[in-house]
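Read through the structure below, which is laid out as structure tokens, and then see the notes.
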Amino acid sequence: INFKTDMADERVDEYKKVNNLSSVDGIKVEEDNSLEFAKVVNVEVLNEIGSNVIDKEIGKYITIECKEINYLEEQQKEMLSQKIKQIILKLINKEKASILVVGLGNSKMTPDALGSTVTSKLEITRHLLKFAKEFVSENTREISSICPGVLGTTGIETVEIVESVAEKIKPDVLIVIDSLLSQSIERLGKTIQLTDKGIVPGSGVGNERVGIKENILNIPVIAIGVPTVVESSIIVSDTIYYLFKHLSYIKNNFDSNKLVFSR
């Protein structure tokens, strides 16, 4: 299958649909119902069979989907934040690990600016711990960040920049932030995928670069992504689907005197 998505759960669902299966060999899928307002799906690729099926490396892929994210109350936002925090800490699996956050993508292109946007909002502490330790609390974690840009604007492979910085400052863990490709308009900006298997920049849009992964950098790499892009064919397909759905609704709610357009 030529998958048109970076999302592991979407790849599993598509494979099952195409092959009329209820489960996939080599892949374990579990739902976490701890949040009433969000759907959490844990996809674990167990072996080479599962890896070959969905073209994802052996490892864990956790997806959190919150369709009503724009309407959450403050308490719900905090619960969602804590859930993401728990997952990240579990993937790091190391007390007080120093972290280098890498914001991937092109900051001048809105759908590809997630990485730079996230890093601009981080509380960076590495310099404080190094030069002004008396001004930070004892349990402060060492955080640093870079935005290496893209090959087209720097002329340098992203992994080369990341590898050079990581070799110099020697973080315990890399956290890579990037925009992802989905096959559903409804998931744009409302879903987050976390994995312990790193990332291949540009893979979603067919412009694969060298992967930022543990086996290349010799550092654990956690990738966090949010879908911000879909293919144009999916936009057309979804538009036609919702058009017919709306026309069907109008037909079913036809009144002899008027048409009912309101839901």
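Here, A, B, ... name the chains of the structure tokens in the order displayed, residue numbers run from 1 inside each chain, and ligands are numbered from 1 in the same displayed order.
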
Where does stretch 142-223 of chain A meet stretch 88-95 of chain A within 8 Å, residue by residue, with the nearest atom pair and distance in Å to one decimal for each, counting only C-alpha atoms, listed by chain and rising number, as a tab-separated table?
```
residue	atom	partner	partner_atom	distance
A:Val173	CA	A:Ile92	CA	7.1
A:Leu194	CA	A:Ile88	CA	7.7
A:Thr195	CA	A:Leu91	CA	7.7
A:Asp196	CA	A:Leu91	CA	6.3
A:Pro220	CA	A:Ile92	CA	7.9
A:Ile222	CA	A:Leu91	CA	7.1
```

Would you put the residues from that selection into a file with N, CA, C and O atoms, as a compact mmCIF listing (two decimals), in the first residue's frame?
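Once written, result.txt looks like this:
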```txt
# COMPACT_ATOMS: atom_id res chain seq x y z
N VAL A 173 18.86 12.91 25.61
CA VAL A 173 17.72 12.58 24.75
C VAL A 173 17.49 13.70 23.75
O VAL A 173 17.67 14.88 24.07
N LEU A 194 3.19 10.59 19.14
CA LEU A 194 4.47 10.52 19.83
C LEU A 194 5.06 9.13 19.59
O LEU A 194 4.34 8.13 19.62
N THR A 195 6.36 9.08 19.35
CA THR A 195 7.00 7.80 19.11
C THR A 195 8.44 7.81 19.62
O THR A 195 9.06 8.88 19.73
N ASP A 196 8.95 6.64 19.91
CA ASP A 196 10.34 6.51 20.37
C ASP A 196 11.27 6.11 19.23
O ASP A 196 12.41 5.71 19.45
N PRO A 220 18.91 8.35 22.22
CA PRO A 220 17.47 8.10 22.11
C PRO A 220 16.75 9.30 21.48
O PRO A 220 17.02 10.45 21.85
N ILE A 222 13.02 10.90 20.50
CA ILE A 222 11.56 10.89 20.60
C ILE A 222 11.02 11.89 19.59
O ILE A 222 11.46 13.05 19.55
```

Alpha helix (DSSP H) residues, from DSSP on the backbone, in stretch 138-196 of chain A, as number ranges by chain:
A: 151-154, 158-169

Preceding selection exported with N, CA and C atoms as a PDB file, in the first residue's frame:
```
ATOM      1  N   LEU A 151      16.823  21.751   4.090  1.00  0.00           N
ATOM      2  CA  LEU A 151      17.929  21.638   3.140  1.00  0.00           C
ATOM      3  C   LEU A 151      17.875  22.724   2.072  1.00  0.00           C
ATOM      4  N   GLY A 152      16.670  23.066   1.641  1.00  0.00           N
ATOM      5  CA  GLY A 152      16.520  24.046   0.573  1.00  0.00           C
ATOM      6  C   GLY A 152      16.952  25.448   0.947  1.00  0.00           C
ATOM      7  N   THR A 153      16.985  25.759   2.229  1.00  0.00           N
ATOM      8  CA  THR A 153      17.385  27.105   2.656  1.00  0.00           C
ATOM      9  C   THR A 153      18.759  27.137   3.325  1.00  0.00           C
ATOM     10  N   THR A 154      19.234  25.980   3.779  1.00  0.00           N
ATOM     11  CA  THR A 154      20.540  25.937   4.457  1.00  0.00           C
ATOM     12  C   THR A 154      21.621  25.277   3.609  1.00  0.00           C
ATOM     13  N   THR A 158      19.621  18.223   7.457  1.00  0.00           N
ATOM     14  CA  THR A 158      19.194  18.474   8.832  1.00  0.00           C
ATOM     15  C   THR A 158      19.919  17.580   9.822  1.00  0.00           C
ATOM     16  N   VAL A 159      20.057  16.317   9.488  1.00  0.00           N
ATOM     17  CA  VAL A 159      20.695  15.371  10.411  1.00  0.00           C
ATOM     18  C   VAL A 159      22.150  15.744  10.674  1.00  0.00           C
ATOM     19  N   GLU A 160      22.802  16.383   9.701  1.00  0.00           N
ATOM     20  CA  GLU A 160      24.196  16.797   9.895  1.00  0.00           C
ATOM     21  C   GLU A 160      24.296  17.904  10.939  1.00  0.00           C
ATOM     22  N   ILE A 161      23.331  18.835  10.890  1.00  0.00           N
ATOM     23  CA  ILE A 161      23.311  19.917  11.879  1.00  0.00           C
ATOM     24  C   ILE A 161      23.021  19.356  13.265  1.00  0.00           C
ATOM     25  N   VAL A 162      21.997  18.521  13.340  1.00  0.00           N
ATOM     26  CA  VAL A 162      21.596  17.932  14.627  1.00  0.00           C
ATOM     27  C   VAL A 162      22.723  17.098  15.209  1.00  0.00           C
ATOM     28  N   GLU A 163      23.361  16.305  14.361  1.00  0.00           N
ATOM     29  CA  GLU A 163      24.451  15.437  14.824  1.00  0.00           C
ATOM     30  C   GLU A 163      25.621  16.268  15.360  1.00  0.00           C
ATOM     31  N   SER A 164      25.927  17.364  14.691  1.00  0.00           N
ATOM     32  CA  SER A 164      27.043  18.217  15.116  1.00  0.00           C
ATOM     33  C   SER A 164      26.770  18.854  16.469  1.00  0.00           C
ATOM     34  N   VAL A 165      25.550  19.394  16.643  1.00  0.00           N
ATOM     35  CA  VAL A 165      25.188  20.032  17.904  1.00  0.00           C
ATOM     36  C   VAL A 165      25.140  19.000  19.025  1.00  0.00           C
ATOM     37  N   ALA A 166      24.522  17.851  18.744  1.00  0.00           N
ATOM     38  CA  ALA A 166      24.394  16.800  19.758  1.00  0.00           C
ATOM     39  C   ALA A 166      25.766  16.288  20.197  1.00  0.00           C
ATOM     40  N   GLU A 167      26.695  16.193  19.246  1.00  0.00           N
ATOM     41  CA  GLU A 167      28.042  15.724  19.580  1.00  0.00           C
ATOM     42  C   GLU A 167      28.762  16.726  20.479  1.00  0.00           C
ATOM     43  N   LYS A 168      28.438  18.009  20.299  1.00  0.00           N
ATOM     44  CA  LYS A 168      29.097  19.050  21.079  1.00  0.00           C
ATOM     45  C   LYS A 168      28.537  19.158  22.495  1.00  0.00           C
ATOM     46  N   ILE A 169      27.201  19.191  22.628  1.00  0.00           N
ATOM     47  CA  ILE A 169      26.606  19.426  23.954  1.00  0.00           C
ATOM     48  C   ILE A 169      26.220  18.140  24.670  1.00  0.00           C
TER      49      ILE A 169
END
```

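Neighbours of stretch 45-62 of chain A closer than or equal to 7 Å, with only C-alpha atoms counted and sequence neighbours fewer than 3 positions away skipped, come out as Ala8, Arg11, Val12, Asp25, Gly26, Ile27, Lys28, Val41, Asn42, Gln193, Leu194, Thr195, Asp196 and Lys197 of chain A.
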
Once DSSP has gone over the backbone, tell me which residues of stretch 10-259 of chain A are in strand (DSSP E), as a PyMOL selection string.
chain A and resi 27-32+39-45+59-65+99-104+143-149+173-181+191-195+221-229

Can you list, as a ChimeraX atom specification, every protein, DNA or RNA residue that comes within 7 Å of stretch 108-120 of chain A when you count only C-alpha atoms, leaving out same-chain residues fewer than 4 positions away?
/A:103-104,145,147,177-179,228-229

Based on the selection just made, write N, CA and C atoms of those residues as an mmCIF file, in the first residue's frame.
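Done, and the output landed in result.cif:
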```cif
data_model
loop_
_atom_site.group_PDB
_atom_site.id
_atom_site.type_symbol
_atom_site.label_atom_id
_atom_site.label_comp_id
_atom_site.auth_asym_id
_atom_site.auth_seq_id
_atom_site.Cartn_x
_atom_site.Cartn_y
_atom_site.Cartn_z
ATOM 1 N N GLY A 103 13.418 21.651 16.499
ATOM 2 C CA GLY A 103 12.224 22.085 15.774
ATOM 3 C C GLY A 103 12.457 21.994 14.283
ATOM 4 N N LEU A 104 11.884 20.980 13.655
ATOM 5 C CA LEU A 104 12.087 20.767 12.222
ATOM 6 C C LEU A 104 11.128 21.620 11.389
ATOM 7 N N SER A 145 17.588 23.995 22.684
ATOM 8 C CA SER A 145 16.828 23.786 21.452
ATOM 9 C C SER A 145 17.526 24.400 20.252
ATOM 10 N N CYS A 147 16.637 25.133 15.761
ATOM 11 C CA CYS A 147 15.777 25.013 14.584
ATOM 12 C C CYS A 147 16.695 24.964 13.374
ATOM 13 N N ILE A 177 10.459 17.799 16.938
ATOM 14 C CA ILE A 177 9.093 18.276 16.683
ATOM 15 C C ILE A 177 8.933 18.533 15.191
ATOM 16 N N ASP A 178 7.871 17.989 14.593
ATOM 17 C CA ASP A 178 7.685 18.198 13.151
ATOM 18 C C ASP A 178 6.211 18.119 12.773
ATOM 19 N N SER A 179 5.886 18.727 11.644
ATOM 20 C CA SER A 179 4.541 18.628 11.076
ATOM 21 C C SER A 179 4.396 17.272 10.392
ATOM 22 N N THR A 228 -0.570 18.625 9.945
ATOM 23 C CA THR A 228 -0.954 19.957 9.458
ATOM 24 C C THR A 228 -1.168 19.950 7.949
ATOM 25 N N VAL A 229 -0.978 18.779 7.328
ATOM 26 C CA VAL A 229 -1.031 18.685 5.871
ATOM 27 C C VAL A 229 -1.833 17.460 5.448
#
```

Counting only C-alpha atoms, the residue among A:Phe37, A:Tyr249, A:Tyr15, A:Tyr241 that lies closest to A:Glu68 is A:Phe37

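When only C-alpha atoms are used to measure the gap to A:Leu180, the shortest distance among A:Glu157, A:Glu231, A:Glu214, A:Glu44 belongs to A:Glu231.
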
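With only C-alpha atoms as the atoms that count, the minimum distance from A:Lys4 to the choices A:Gln86, A:Leu181, A:Ser233, A:Asn218 is reached by A:Leu181.
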